[in-house]
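Student: I'm passing along protein.cif; it holds mmCIF, C-alpha atoms.
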data_structure
loop_
_atom_site.label_atom_id
_atom_site.label_comp_id
_atom_site.auth_asym_id
_atom_site.auth_seq_id
_atom_site.Cartn_x
_atom_site.Cartn_y
_atom_site.Cartn_z
CA MET N 123 244.27 146.87 -122.24
CA ALA N 124 242.61 145.70 -125.45
CA ARG N 125 241.03 142.23 -125.12
CA PHE N 126 240.27 139.70 -127.85
CA PHE N 127 238.80 136.21 -128.08
CA VAL N 128 240.18 133.44 -130.31
CA SER N 129 239.61 129.73 -130.81
CA SER N 130 242.31 127.27 -129.73
CA GLU N 131 243.14 126.56 -133.38
CA ASN N 132 244.52 130.11 -133.59
CA ILE N 133 247.13 129.34 -130.92
CA ASP N 134 250.32 127.67 -132.14
CA ASP N 135 253.03 127.20 -129.52
CA ASN N 136 253.76 130.75 -128.34
CA ILE N 137 252.10 132.60 -131.23
CA ILE N 138 248.46 133.66 -131.42
CA THR N 139 246.83 134.69 -134.68
CA ILE N 140 244.10 137.33 -134.52
CA LYS N 141 241.95 137.58 -137.64
CA SER N 142 239.03 139.27 -139.35
CA ASN N 143 237.22 142.14 -137.62
CA ASP N 144 239.57 142.07 -134.64
CA SER N 145 242.71 142.40 -136.74
CA TYR N 146 241.14 145.29 -138.67
CA HIS N 147 240.16 146.89 -135.35
CA ILE N 148 243.74 146.59 -134.11
CA ALA N 149 245.21 148.04 -137.29
CA ARG N 150 242.70 150.76 -138.13
CA SER N 151 240.57 151.74 -135.14
CA LEU N 152 243.02 151.25 -132.28
CA ARG N 153 246.04 152.09 -134.47
CA MET N 154 248.20 149.77 -132.41
CA ALA N 155 251.85 149.20 -133.18
CA VAL N 156 254.22 146.25 -133.09
CA GLY N 157 255.32 145.84 -129.48
CA ASP N 158 251.99 146.90 -127.97
CA GLU N 159 250.46 144.48 -125.47
CA VAL N 160 247.02 142.86 -125.72
CA THR N 161 245.06 140.29 -123.74
CA VAL N 162 243.75 137.28 -125.65
CA CYS N 163 241.33 134.67 -124.25
CA ASP N 164 240.57 131.19 -125.57
CA GLU N 165 237.47 128.97 -125.16
CA SER N 166 238.74 127.45 -121.92
CA GLY N 167 238.90 130.82 -120.17
CA THR N 168 242.70 131.06 -120.25
CA GLU N 169 244.02 134.61 -120.56
CA TYR N 170 247.22 135.27 -122.51
CA LEU N 171 249.24 138.45 -122.14
CA CYS N 172 250.76 139.03 -125.57
CA THR N 173 252.94 141.40 -127.54
CA LEU N 174 251.91 142.23 -131.09
CA THR N 175 254.59 141.11 -133.56
CA ARG N 176 252.79 141.63 -136.88
CA ILE N 177 249.88 143.90 -137.78
CA ARG N 178 247.81 143.62 -140.94
CA ASP N 179 244.18 144.50 -141.66
CA GLU N 180 243.31 140.87 -142.34
CA GLU N 181 245.53 139.19 -139.74
CA CYS N 182 247.70 140.05 -136.75
CA SER N 183 250.22 137.93 -134.86
CA ALA N 184 251.03 138.16 -131.16
CA GLU N 185 253.70 136.46 -129.07
CA ILE N 186 252.62 135.03 -125.72
CA ILE N 187 254.40 136.59 -122.74
CA SER N 188 252.46 134.81 -120.00
CA LYS N 189 249.18 133.03 -119.39
CA LYS N 190 246.84 132.43 -116.49
CA ALA N 191 243.37 131.12 -115.75
CA GLY N 192 240.82 133.90 -116.12
CA ALA N 193 239.44 135.20 -112.83
CA THR N 194 236.37 137.06 -114.07
CA GLU N 195 233.96 134.21 -114.80
CA PRO N 196 231.20 133.41 -112.29
CA PRO N 197 231.39 130.05 -110.45
CA VAL N 198 228.09 129.04 -112.06
CA GLU N 199 227.24 128.70 -115.74
CA ILE N 200 224.15 130.83 -116.35
CA THR N 201 221.84 130.52 -119.33
CA LEU N 202 219.28 133.27 -119.77
CA TYR N 203 216.09 132.37 -121.63
CA MET N 204 214.48 135.63 -122.69
CA ALA N 205 211.06 135.85 -124.35
CA TYR N 206 211.49 138.05 -127.41
CA PRO N 207 210.75 141.70 -126.47
CA LYS N 208 209.74 144.49 -128.81
CA GLY N 209 211.98 147.20 -130.24
CA ASP N 210 215.70 146.99 -129.55
CA LYS N 211 215.28 145.86 -125.94
CA LEU N 212 216.91 142.50 -126.62
CA GLU N 213 220.14 144.26 -127.56
CA THR N 214 220.20 145.93 -124.14
CA VAL N 215 219.33 142.65 -122.43
CA VAL N 216 222.22 140.89 -124.17
CA GLN N 217 224.72 143.62 -123.32
CA LYS N 218 223.82 143.84 -119.64
CA SER N 219 223.41 140.09 -119.18
CA VAL N 220 226.94 139.52 -120.45
CA GLU N 221 228.23 142.13 -118.01
CA LEU N 222 226.35 140.40 -115.18
CA GLY N 223 227.75 136.95 -115.90
CA ALA N 224 225.44 135.12 -118.31
CA SER N 225 227.25 132.55 -120.46
CA VAL N 226 224.45 131.90 -122.94
CA ILE N 227 221.43 134.00 -123.94
CA VAL N 228 218.57 132.18 -125.66
CA PRO N 229 215.67 134.22 -127.08
CA PHE N 230 212.41 132.29 -127.33
CA GLU N 231 208.90 132.84 -128.64
CA SER N 232 205.97 132.83 -126.22
CA SER N 233 202.27 133.48 -126.80
CA ARG N 234 202.42 137.08 -125.56
CA CYS N 235 205.48 138.19 -127.50
CA ILE N 236 204.63 141.36 -129.40
CA LYS N 237 207.57 141.06 -131.76
CA ARG N 238 208.18 137.91 -133.78
CA PRO N 239 211.06 138.27 -136.24
CA ALA N 240 210.65 136.69 -139.66
CA GLU N 241 212.45 133.39 -140.09
CA ASP N 242 214.59 134.72 -142.93
CA LYS N 243 215.90 137.53 -140.70
CA LEU N 244 216.83 135.44 -137.67
CA ASP N 245 220.39 134.65 -138.74
CA LYS N 246 221.19 138.32 -139.35
CA ILE N 247 219.64 139.29 -136.01
CA THR N 248 221.52 136.54 -134.18
CA ASP N 249 224.83 137.61 -135.73
CA ARG N 250 224.25 141.19 -134.58
CA LEU N 251 223.38 140.07 -131.04
CA ASN N 252 226.55 137.97 -130.87
CA ARG N 253 228.60 141.00 -131.91
CA ILE N 254 226.97 142.97 -129.10
CA ALA N 255 227.77 140.14 -126.68
CA GLU N 256 231.40 140.09 -127.79
CA GLU N 257 231.83 143.84 -127.37
CA ALA N 258 230.27 143.66 -123.90
CA ALA N 259 232.56 140.77 -122.96
CA LYS N 260 235.62 142.75 -124.05
CA GLN N 261 234.49 145.85 -122.18
CA CYS N 262 233.80 144.11 -118.87
CA GLY N 263 236.81 141.79 -118.98
CA ARG N 264 235.15 138.40 -119.40
CA SER N 265 237.53 135.45 -119.78
CA ARG N 266 235.14 133.43 -121.93
CA LEU N 267 233.05 134.64 -124.82
CA PRO N 268 229.30 134.35 -124.12
CA SER N 269 227.00 133.39 -126.96
CA VAL N 270 223.51 134.28 -128.18
CA SER N 271 221.57 131.48 -129.81
CA ARG N 272 218.98 131.60 -132.54
CA MET N 273 215.43 132.12 -131.29
CA ILE N 274 213.67 128.90 -130.25
CA LYS N 275 210.02 127.92 -129.88
CA PHE N 276 208.31 127.72 -126.49
CA SER N 277 208.02 123.94 -126.89
CA GLU N 278 211.81 123.64 -127.18
CA LEU N 279 212.27 125.73 -124.05
CA LEU N 280 210.23 123.15 -122.12
CA THR N 281 212.48 120.31 -123.29
CA ARG N 282 215.61 122.13 -122.06
CA ILE N 283 214.50 123.00 -118.53
CA GLY N 284 215.45 119.64 -117.04
CA GLY N 285 219.05 119.93 -118.19
CA TYR N 286 220.10 122.36 -115.44
CA ASP N 287 220.93 122.01 -111.78
CA LEU N 288 218.50 124.84 -111.07
CA THR N 289 215.98 126.60 -113.31
CA LEU N 290 214.55 129.90 -112.08
CA PHE N 291 211.24 130.91 -113.61
CA CYS N 292 210.68 134.60 -112.85
CA TYR N 293 206.92 135.09 -112.54
CA GLU N 294 204.60 137.71 -111.08
CA GLY N 295 201.67 135.35 -110.48
CA GLU N 296 200.67 133.33 -107.45
CA GLY N 297 202.51 130.37 -105.99
CA THR N 298 206.00 131.83 -106.17
CA GLU N 299 208.89 131.67 -103.74
CA SER N 300 211.30 134.51 -103.08
CA LEU N 301 214.44 134.44 -105.20
CA LYS N 302 216.48 134.91 -102.03
CA LYS N 303 214.98 131.80 -100.44
CA VAL N 304 215.50 129.62 -103.50
CA LEU N 305 219.11 130.69 -103.98
CA GLY N 306 219.77 130.31 -100.27
CA GLY N 307 218.71 126.67 -100.43
CA TYR N 308 220.90 125.96 -103.42
CA GLY N 309 224.29 126.45 -101.80
CA LYS N 310 227.40 127.92 -103.38
CA ASP N 311 229.02 124.94 -105.09
CA GLY N 312 228.40 126.12 -108.61
CA GLY N 313 226.73 124.18 -111.39
CA ARG N 314 224.42 125.16 -114.22
CA ILE N 315 221.57 127.63 -113.69
CA ALA N 316 218.87 128.68 -116.14
CA VAL N 317 216.84 131.88 -115.80
CA ILE N 318 213.52 132.30 -117.65
CA ILE N 319 212.12 135.80 -118.23
CA GLY N 320 208.94 136.81 -120.05
CA SER N 321 208.29 139.55 -122.59
CA GLU N 322 206.23 142.71 -121.98
CA GLY N 323 203.01 140.72 -121.60
CA GLY N 324 204.45 138.07 -119.32
CA PHE N 325 203.22 134.49 -119.60
CA SER N 326 199.79 132.95 -119.96
CA GLU N 327 198.61 130.75 -117.09
CA SER N 328 198.98 127.65 -119.25
CA GLU N 329 202.56 128.58 -120.17
CA ALA N 330 203.44 129.21 -116.53
CA LYS N 331 202.03 125.82 -115.57
CA SER N 332 203.95 124.10 -118.37
CA ILE N 333 207.20 125.68 -117.22
CA THR N 334 206.76 124.68 -113.57
CA ASP N 335 205.55 121.20 -114.56
CA ALA N 336 208.80 120.83 -116.52
CA GLY N 337 210.76 121.36 -113.29
CA ALA N 338 211.42 125.09 -113.00
CA LYS N 339 211.33 126.87 -109.65
CA CYS N 340 208.73 129.64 -109.75
CA VAL N 341 210.29 132.74 -108.13
CA ASN N 342 209.25 136.35 -107.62
CA LEU N 343 211.54 139.37 -107.87
CA GLY N 344 210.07 141.39 -105.03
CA PRO N 345 206.93 143.50 -104.63
CA ARG N 346 207.38 145.72 -107.70
CA ILE N 347 206.58 144.81 -111.30
CA LEU N 348 209.76 145.09 -113.34
CA ARG N 349 210.03 145.82 -117.04
CA CYS N 350 211.02 142.83 -119.12
CA GLU N 351 214.43 144.38 -119.84
CA THR N 352 215.01 145.12 -116.13
CA ALA N 353 214.09 141.68 -114.77
CA PRO N 354 217.17 139.88 -116.19
CA ASP N 355 219.50 142.45 -114.60
CA TYR N 356 217.77 142.07 -111.25
CA CYS N 357 217.89 138.28 -111.27
CA LEU N 358 221.46 138.01 -112.57
CA ALA N 359 222.66 140.56 -110.03
CA ALA N 360 221.05 138.52 -107.25
CA ILE N 361 222.78 135.36 -108.52
CA SER N 362 226.10 137.20 -108.64
CA TYR N 363 225.60 138.46 -105.08
CA HIS N 364 224.84 134.94 -103.83
CA PHE N 365 227.77 133.21 -105.53
CA GLU N 366 230.45 135.86 -105.87
CA LEU N 367 230.21 138.41 -103.07
#
Kindly return the structure encoded in the file as structure tokens.

Tutor:
Amino acid sequence: MARFFVSSENIDDNIITIKSNDSYHIARSLRMAVGDEVTVCDESGTEYLCTLTRIRDEECSAEIISKKAGATEPPVEITLYMAYPKGDKLETVVQKSVELGASVIVPFESSRCIKRPAEDKLDKITDRLNRIAEEAAKQCGRSRLPSVSRMIKFSELLTRIGGYDLTLFCYEGEGTESLKKVLGGYGKDGGRIAVIIGSEGGFSESEAKSITDAGAKCVNLGPRILRCETAPDYCLAAISYHFEL
């Protein structure tokens, strides 16, 4: 069933208004008709089963049949901090991270990033990444819409680390603990988890020290060196296994 995300201001009593690209998609791409059913989710993760009552390119209306709390969100809120990779790898990272349960993806700039987008292009890039995140969320049945933030500086990353219940710094250097051990000591009560992944060149020793000094847990992802676009999948899958399976 087609799935859409709306803000609470688009819900009025038992009627939901679907606008913009989604309404055009309903009318033109999906060629849906009045009476067809859709699933609509709001910011709180509530899922509404609805029947389309009005279809226009610019706006559609749907009547609520029933509603329930979404059951597809992980019990932890996961923020992925991803050092900016080259090429279109970040698009793949965003898509797969949404499928694996990330709520927020934050690209950041580190000293070994090969690609550094121009400041005047960041808004356009961020918009595209959020569209990719939305399509992934629809495809995999997320109840809440994940977001991709604008790229931040490494210094800002350091100020954010302390705001989580657990911050996992994925690192191939010395002094790491196994991801399994760290997650095993955390329990399964939920909370907020951050995951930090490097770009193709990894992190400098000084950056790694700054991250751990800021309170992150330095973890390894096993004996093999993973590509930067593979490491987020590995770590997020391990978190999902620990909390959801």

Student: Given the PyMOL selection byres ((chain N and resi 245-250) around 9) and the file above, list the residues it selects as a ChimeraX atom specification.

Tutor: /N:213,239,241-244,251-255,270-273

Student: Expand the PyMOL selection byres ((chain N and resi 189) around 8) into the explicit residue set it covers here, and present it as a PDB file with C-alpha atoms, in the frame of the given file.

Tutor:
ATOM      1  CA  THR N 168     242.700 131.060-120.250  1.00  0.00           C
ATOM      2  CA  GLU N 169     244.020 134.610-120.560  1.00  0.00           C
ATOM      3  CA  TYR N 170     247.220 135.270-122.510  1.00  0.00           C
ATOM      4  CA  LEU N 171     249.240 138.450-122.140  1.00  0.00           C
ATOM      5  CA  ILE N 186     252.620 135.030-125.720  1.00  0.00           C
ATOM      6  CA  ILE N 187     254.400 136.590-122.740  1.00  0.00           C
ATOM      7  CA  SER N 188     252.460 134.810-120.000  1.00  0.00           C
ATOM      8  CA  LYS N 190     246.840 132.430-116.490  1.00  0.00           C
ATOM      9  CA  ALA N 191     243.370 131.120-115.750  1.00  0.00           C
TER      10      ALA N 191
END

Student: Could you pull the residues within 10 Å of Gly295 (chain N), counting only C-alpha atoms, minus those fewer than 6 positions along the same chain, as a count of residues only?

Tutor: 8

Student: For Gly312 (chain N), please output as a PyMOL selection string all residues within 12 Å (counting only C-alpha atoms; exclusion window: fewer than 5 positions along the same chain).

Tutor: chain N and resi 195-200+286-288+305+361-362+364-366

Student: State, in Å with one decimal place, the distance from CA of Ser145 (chain N) to CA of Val216 (chain N).

Tutor: 24.1 Å

Student: So how far away is CA of Ser219 (chain N) from CA of Val162 (chain N), in Å?

Tutor: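 Going from CA of Val162 (chain N) over to CA of Ser219 (chain N) covers 21.5 Å.
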
Student: What does the distance between CA of Tyr203 (chain N) and CA of Pro229 (chain N) come to in Å, to one decimal place?

Tutor: 5.8 Å

Student: With distances taken over only C-alpha atoms, which of N:Arg282, N:Val304, N:Lys310, N:Tyr293 is nearest to Gly337 (chain N)?

Tutor: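 Smallest separation from Gly337 (chain N) among the options: N:Arg282.
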
Student: Counting all atoms listed in the file, figure out which residue out of N:Gln261, N:Ser142, N:Thr175, N:Ser300 gets nearest to Gly344 (chain N).

Tutor: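 Going through N:Gln261, N:Ser142, N:Thr175, N:Ser300 one by one, the smallest distance to Gly344 (chain N) is for N:Ser300.
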
Student: I need the residue set behind the PyMOL selection byres ((chain N and resi 290) around 8) for this file; please write it as a ChimeraX atom specification.

Tutor: /N:288-289,291-292,315-318,338-341

Student: Let me see the file: selected residues, C-alpha atoms, as a PDB file, keeping the file's coordinate frame.

Tutor:
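Output file part_26.pdb is given in full below:
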ATOM      1  CA  LEU N 288     218.500 124.840-111.070  1.00  0.00           C
ATOM      2  CA  THR N 289     215.980 126.600-113.310  1.00  0.00           C
ATOM      3  CA  PHE N 291     211.240 130.910-113.610  1.00  0.00           C
ATOM      4  CA  CYS N 292     210.680 134.600-112.850  1.00  0.00           C
ATOM      5  CA  ILE N 315     221.570 127.630-113.690  1.00  0.00           C
ATOM      6  CA  ALA N 316     218.870 128.680-116.140  1.00  0.00           C
ATOM      7  CA  VAL N 317     216.840 131.880-115.800  1.00  0.00           C
ATOM      8  CA  ILE N 318     213.520 132.300-117.650  1.00  0.00           C
ATOM      9  CA  ALA N 338     211.420 125.090-113.000  1.00  0.00           C
ATOM     10  CA  LYS N 339     211.330 126.870-109.650  1.00  0.00           C
ATOM     11  CA  CYS N 340     208.730 129.640-109.750  1.00  0.00           C
ATOM     12  CA  VAL N 341     210.290 132.740-108.130  1.00  0.00           C
TER      13      VAL N 341
END

Student: Write out as a ChimeraX atom specification each polymer residue whose atoms come within 6 Å of Ile138 (chain N), counting only C-alpha atoms; drop sequence neighbours fewer than 3 positions from it.

Tutor: /N:132-133,183-184

Student: I'd like to know which of N:Ser233, N:Glu181, N:Lys331, N:Leu358 is closest to Glu296 (chain N), using only C-alpha atoms.

Tutor: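 Comparing N:Ser233, N:Glu181, N:Lys331, N:Leu358 against Glu296 (chain N), the winner is N:Lys331.
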
Student: Just checking: using all atoms listed in the file, which residue out of N:Arg264, N:Arg314, N:Lys275, N:Lys218 ends up closest to Tyr206 (chain N)?

Tutor: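 Smallest distance to Tyr206 (chain N) is found for N:Lys275.
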
Student: For Val215 (chain N), work out the shell of residues within 10 Å, counting only C-alpha atoms and skipping chain neighbours fewer than 3 positions away, then give it as a list in words.

Tutor: Leu202, Met204, Pro207, Asp210, Lys211, Leu212, Lys218, Ser219, Val220, Glu221, Ile227, Leu251, Ala255, Cys350, Glu351, Thr352, Ala353, Pro354 and Asp355 of chain N

Student: For Ile148 (chain N), please output as a list in words all residues within 9 Å (counting only C-alpha atoms; exclusion window: fewer than 2 positions along the same chain).

Tutor: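 The neighbour list is Ala124, Asn143, Asp144, Ser145, Tyr146, Arg150, Ser151, Leu152, Arg153, Met154, Ala155, Ile177, Arg178, Asp179 and Cys182 of chain N.
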
Student: Write the residues of the preceding selection, restricted to C-alpha atoms, as a PDB file, keeping the file's coordinate frame.

Tutor:
ATOM      1  CA  ALA N 124     242.610 145.700-125.450  1.00  0.00           C
ATOM      2  CA  ASN N 143     237.220 142.140-137.620  1.00  0.00           C
ATOM      3  CA  ASP N 144     239.570 142.070-134.640  1.00  0.00           C
ATOM      4  CA  SER N 145     242.710 142.400-136.740  1.00  0.00           C
ATOM      5  CA  TYR N 146     241.140 145.290-138.670  1.00  0.00           C
ATOM      6  CA  ARG N 150     242.700 150.760-138.130  1.00  0.00           C
ATOM      7  CA  SER N 151     240.570 151.740-135.140  1.00  0.00           C
ATOM      8  CA  LEU N 152     243.020 151.250-132.280  1.00  0.00           C
ATOM      9  CA  ARG N 153     246.040 152.090-134.470  1.00  0.00           C
ATOM     10  CA  MET N 154     248.200 149.770-132.410  1.00  0.00           C
ATOM     11  CA  ALA N 155     251.850 149.200-133.180  1.00  0.00           C
ATOM     12  CA  ILE N 177     249.880 143.900-137.780  1.00  0.00           C
ATOM     13  CA  ARG N 178     247.810 143.620-140.940  1.00  0.00           C
ATOM     14  CA  ASP N 179     244.180 144.500-141.660  1.00  0.00           C
ATOM     15  CA  CYS N 182     247.700 140.050-136.750  1.00  0.00           C
TER      16      CYS N 182
END

Student: Would you place a box with edges along x, y and z of the file around all atoms of region 146-163 of chain N listed there, add 4 Å to each of its six sides, and report the centre and edge lengths in Å to one decimal, as AutoDock Vina command-line options?

Tutor:
--center_x 247.7 --center_y 143.4 --center_z -131.2 --size_x 23.2 --size_y 25.4 --size_z 22.9

Student: With all atoms listed in the file as the atoms that count, which of N:Gly263, N:Gly157, N:Gly209, N:Gly223 lies nearest to Phe127 (chain N)?

Tutor: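 Between N:Gly263, N:Gly157, N:Gly209, N:Gly223, the residue approaching Phe127 (chain N) most closely is N:Gly263.
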